[in-house]
Structures are given as structure tokens and as C-alpha cells.
Amino acid sequence: MTRRPGNRPGGFPLGLDRLASTATPGNGAAREPLRPQRLLHQAAQDASRLAVPSGLGLDSAKVRQRMVQRLRADGVRSEALLAAMSQVPRHHFVDTALAIQAYEDTSLPIGHGQTISKPSVVARMIDLLFEGANARRDGQLGQVLEIGTGCGYQTAVLACVARHVVSIERVRPLFDKARTHLAEWRLNQVRLVHGDGMLGHGSRAPYDSVIAAAGGDDLPQAWLDQLAVGGRLVAPMVVGGGGQALMVVDRTSGGWSRHQQEAVHFVPLKSGVI
Ligand code: SAH
């Protein structure tokens with residue numbers, strides 16, 4: 001049975017609510033006079049207060065809602081995507097010690113030198129996918145190929161707005177971690193693959209949407225070949241000067257057209273598996 005994240009019964013076991021309950025509603029630190037020196041335990045208390053987005057209710061759904069409001073204000077247009085991001089509990093996908101930062105617009109370490117992408121970057125890339133020809137026609141992302149599963153957060157968001165998702169991760173422990181994170185929703189429209197994403201996943205091609213969370217010197221030919229006519233690819237790539245930019249590639253019956261977007265900073269795309 002397909003179960004959407006928002007339909008999970010019983011709330012969130014990690015309890016962001018419990019973590020956040022040490023906080024004073026509002027920005028408590030601002031009401032206290034500044035002192036040149038603070039006792040260590042007071043500094044720690046202040047840090048925990050400041051880490052909680054201020055002025056919010058203390059449950060994770062409200063904190064996520066605030067994150068989504070920020071994304072909308074920043075120009076994210078797809079309502080289906082915003083609804084998905086208001087449902088998927090990002091704090092479930094990061095280590096418990098980092099959960100308090102899960103709804104800040106920041107990337108966070110997920111182990112093995114890798115990071116979970118910032119919410120604004122996840123939203124920007126998926127929003128771009130929604131502007132592909134097939135996605136515009138269908139109102140959803142169709143069949144998606146994701147390269148770089150990482151902790152599985154973006155995979156879960158994609159699963160809410162796509163017909164099917166194939167997600168490939170080259171680092172075995174991260175593949176295992178994502179599988180654990182995603183198992184509780186039994187998302188049967190998701191196939192996780194431990195493999196080299198530079199080769200794509202030919203057995204389920206073609207894909208209406210291809211999205212990569214790691215950037216190489218060029219876009220692997222397999223991704224372009226496995227893109228459906230009317231499909232769109234969004235991926236970081238190294239451009240002149242050594243920096244990376246987001247690339248958008250649309251496939252039409254006449255071929256592929258590339259458009260370079262804003263500068264980004266992703267982990268490197270590497271070949272082979274570990
Ligand atoms: N979207 C992920 C981001 C993870 S970071 C998340 O939400 O957590 C990018 C990931 O790409 C890393 O886990 C890295 O191991 C993976 N990666 C890099 N090169 C790859 C390749 N050739 N095939 C598959 N995964 C790759």
C-alpha cells in the first residue's frame with residue numbers, strides 16, 4: 001500500500017517538539033541585558049533558545065510551515081512541491097543532535113563527508129523540474145531519476161510529487177541509512193539503488209525528470225540519453241573558473257538544449273561505488 005508521509009499515524013517519534021520545549025517562546029535572549037561574560041550553562045541555554053526558530057509554536061509541523069512560507073516568499077512556485085515540503089519531516093533524516101537545525105536554511109552533515117542539501121536548494125531544483133514540458137503537461141514529475149540519495153530527504157519529497165522515483169547512491173552506508181529512513185513510509189513508488197549514478201539506471205529509462213545532488217565536470221551522457229523527450233534534467237556542473245552552476249537541460253524531439261542558471265556549491269560527483 002502506498003502511504004504518504006503526511007498520513008503517518010502517531011506523530012513523529014524523534015520529538016522535535018520535545019527538543020524545542022526547552023525554549024522560551026519568542027526570542028528570550030533579546031529580553032535579557034547583554035553581559036560581558038556568561039556562565040557556561042547559561043550560554044548553552046541561550047544557544048538552544050536561539051537555535052529554535054523564534055516566534056513559533058513548538059511542534060514540527062508549524063516550524064515546517066514557516067520554512068515553506070519562506071520558500072514561497074523566495075519565489076518557489078509549485079504548490080504541490082510546497083505541500084510536500086510541509087509534510088516531510090526533515091528532522092527525521094538528520095542525526096538527532098542536528099535535528100534542532102533541520103528547518104533552518106542550511107546544509108547539514110550526514111556522514112561520509114556528504115551533506116543534506118539546503119531546503120531552498122532542494123526546492124529550487126524541484127521547482128525547475130516542474131517547468132519541464134512533460135511535468136507542465138502532467139502536473140507532476142512523472143518518472144524521476146535522482147542521483148545522490150544521501151540521507152533520503154529529497155527522495156521523500158520527490159516521492160510526493162512524482163509517479164515513480166529511482167534514486168541512486170554510491171556510498172553503501174548512506175544507501176543503508178536512506179533505506180532505513182524511507183522504510184517507515186513504505187513508499188512503493190521509490191526504488192533505491194546502490195550503484196554509480198553516473199551510469200544512470202537504464203532498465204527503467206526514459207525519465208521525465210533527472211535531478212543530481214552532486215556535480216561533475218560535465219553531465220554524464222547516460223543522463224542525457226535516459227531523459228525522455230519532453231523531459232528535463234537539473235544538475236550542478238563545474239563551469240568556467242572552477243565553480244559550479246546549476247544546469248537545466250530540456251530534451252525535445254530535435255535534441256537537447258542547455259541553460260545555465262545560478263552558481264551553486266554541491267559535493268563532487270564521483271564514479272564507482274564504495
Ligand atoms: N539529496 C541528498 C544529498 C546528498 S549529498 C540528501 O538529501 O541527503 C550528494 C550525494 O551524492 C552523496 O551522498 C554522494 O555520495 C552522492 N554521489 C556522488 N557521486 C555519486 C554517483 N556517481 N552516484 C551516486 N551517488 C553519488
# chains A, B, ... in the order shown; residues from 1 in each chain; ligands from 1

$ closest_atom_pairs --of "chain A" --to "ligand 1" --cutoff "8 Å" --atoms "only C-alpha atoms and all ligand atoms" --output "tab-separated table"
residue	atom	partner	partner_atom_place_in_ligand_line	distance
A:Phe93	CA	ligand 1	8 (O)	7.8
A:Ile110	CA	ligand 1	8 (O)	7.0
A:His112	CA	ligand 1	15 (O)	7.7
A:Gln114	CA	ligand 1	5 (S)	5.1
A:Thr115	CA	ligand 1	5 (S)	4.8
A:Ile116	CA	ligand 1	8 (O)	3.7
A:Ser117	CA	ligand 1	3 (C)	5.3
A:Val122	CA	ligand 1	1 (N)	7.5
A:Ile147	CA	ligand 1	24 (C)	5.1
A:Gly148	CA	ligand 1	11 (O)	3.2
A:Thr149	CA	ligand 1	2 (C)	4.9
A:Gly150	CA	ligand 1	13 (O)	3.6
A:Cys151	CA	ligand 1	8 (O)	4.0
A:Gly152	CA	ligand 1	7 (O)	5.2
A:Tyr153	CA	ligand 1	7 (O)	4.4
A:Gln154	CA	ligand 1	7 (O)	4.6
A:Thr155	CA	ligand 1	1 (N)	6.9
A:Ile168	CA	ligand 1	24 (C)	5.0
A:Glu169	CA	ligand 1	25 (N)	3.7
A:Arg170	CA	ligand 1	24 (C)	4.1
A:Val171	CA	ligand 1	15 (O)	5.1
A:Leu174	CA	ligand 1	13 (O)	6.4
A:His194	CA	ligand 1	24 (C)	7.6
A:Gly195	CA	ligand 1	24 (C)	6.1
A:Asp196	CA	ligand 1	23 (N)	4.0
A:Gly197	CA	ligand 1	23 (N)	3.3
A:Met198	CA	ligand 1	22 (N)	4.6
A:Leu199	CA	ligand 1	22 (N)	7.7
A:Ala212	CA	ligand 1	11 (O)	7.5
A:Ala213	CA	ligand 1	9 (C)	4.6
A:Ala214	CA	ligand 1	9 (C)	4.9
A:Gly215	CA	ligand 1	19 (N)	7.7
A:Phe266	CA	ligand 1	9 (C)	7.3
A:Val267	CA	ligand 1	9 (C)	6.0
A:Pro268	CA	ligand 1	18 (C)	6.1
A:Leu269	CA	ligand 1	19 (N)	3.7
A:Lys270	CA	ligand 1	19 (N)	4.1
A:Ser271	CA	ligand 1	22 (N)	4.6
A:Gly272	CA	ligand 1	22 (N)	6.4
A:Val273	CA	ligand 1	23 (N)	7.4

$ select_by_dssp --residues "segment 110-251 of chain A" --states "strand (DSSP E)" --output "ChimeraX atom specification"
/A:110-111,114-116,143-147,164-169,190-194,207-212,214-215,227-238,244-251

$ residues_around --residues "Ala102 of chain A" --least-positions-apart "3" --cutoff "8 Å" --atoms "only C-alpha atoms" --output "PyMOL selection string"
chain A and resi 90-91+94+98-99+106

$ atom_distance --atom1 "atom CA of Trp256 of chain A" --atom2 "atom CA of Leu128 of chain A"
16.2 Å

$ closest_residue --among "A:Gly132, A:Pro220, A:Gly200, A:Pro173" --to "Arg251 of chain A" --atoms "only C-alpha atoms"
A:Gly132

$ select_by_dssp --residues "segment 121-174 of chain A" --states "alpha helix (DSSP H)" --output "ChimeraX atom specification"
/A:121-130,133-138,153-161,172-174

$ residues_around --residues "Ser120 of chain A" --least-positions-apart "5" --cutoff "9 Å" --atoms "only C-alpha atoms" --output "MDAnalysis selection string"
chainID A and resid 70:71 74 76 105:106 125

$ write_last_selection --atoms "all heavy atoms" --output "compact mmCIF listing (two decimals), in the first residue's frame"
# COMPACT_ATOMS: atom_id res chain seq x y z
N ARG A 70 8.70 30.78 3.91
CA ARG A 70 9.95 31.45 3.45
C ARG A 70 10.25 31.05 2.00
O ARG A 70 10.62 31.89 1.19
CB ARG A 70 11.14 31.07 4.34
CG ARG A 70 11.19 31.80 5.67
CD ARG A 70 12.60 31.66 6.29
NE ARG A 70 13.03 30.27 6.40
CZ ARG A 70 12.90 29.52 7.48
NH1 ARG A 70 12.33 30.00 8.55
NH2 ARG A 70 13.35 28.28 7.50
N LEU A 71 10.08 29.76 1.70
CA LEU A 71 10.36 29.30 0.33
C LEU A 71 9.43 29.97 -0.66
O LEU A 71 9.84 30.40 -1.74
CB LEU A 71 10.21 27.76 0.25
CG LEU A 71 11.23 26.95 1.06
CD1 LEU A 71 10.84 25.47 1.06
CD2 LEU A 71 12.64 27.12 0.49
N ASP A 74 10.43 33.41 -1.27
CA ASP A 74 11.65 33.47 -2.09
C ASP A 74 11.40 33.09 -3.54
O ASP A 74 12.35 33.00 -4.33
CB ASP A 74 12.73 32.55 -1.50
CG ASP A 74 13.30 33.12 -0.21
OD1 ASP A 74 13.04 34.32 0.06
OD2 ASP A 74 13.98 32.39 0.53
N VAL A 76 9.54 30.19 -4.81
CA VAL A 76 9.19 28.82 -5.19
C VAL A 76 7.72 28.79 -5.58
O VAL A 76 6.86 29.29 -4.84
CB VAL A 76 9.47 27.83 -4.02
CG1 VAL A 76 9.01 26.43 -4.38
CG2 VAL A 76 10.96 27.85 -3.69
N ASP A 105 17.65 27.19 6.90
CA ASP A 105 18.06 27.01 5.50
C ASP A 105 19.55 26.76 5.42
O ASP A 105 20.33 27.63 5.04
CB ASP A 105 17.65 28.22 4.66
CG ASP A 105 17.73 27.88 3.18
OD1 ASP A 105 17.54 26.68 2.84
OD2 ASP A 105 18.02 28.78 2.38
N THR A 106 19.91 25.56 5.83
CA THR A 106 21.33 25.24 5.86
C THR A 106 21.54 23.78 5.48
O THR A 106 20.66 22.95 5.68
CB THR A 106 21.89 25.52 7.28
OG1 THR A 106 23.27 25.25 7.29
CG2 THR A 106 21.22 24.69 8.34
N MET A 125 15.54 23.35 -7.17
CA MET A 125 15.79 22.35 -8.22
C MET A 125 14.50 21.63 -8.61
O MET A 125 14.23 21.41 -9.80
CB MET A 125 16.86 21.36 -7.76
CG MET A 125 18.23 22.01 -7.64
SD MET A 125 19.49 20.90 -7.02
CE MET A 125 19.89 19.95 -8.49

$ closest_residue --among "A:Pro109, A:Pro119, A:Gly139, A:Gly231" --to "Asp208 of chain A" --atoms "only C-alpha atoms"
A:Gly231

$ closest_residue --among "A:Thr252, A:Gln260, A:Ser203, A:Gln221" --to "Val234 of chain A" --atoms "only C-alpha atoms"
A:Gln260

$ atom_distance --atom1 "atom CA of Phe175 of chain A" --atom2 "atom CA of Leu108 of chain A"
17.1 Å

$ closest_residue --among "A:Ser86, A:Arg163, A:Glu262, A:Asp225" --to "Met237 of chain A" --atoms "only C-alpha atoms"
A:Glu262
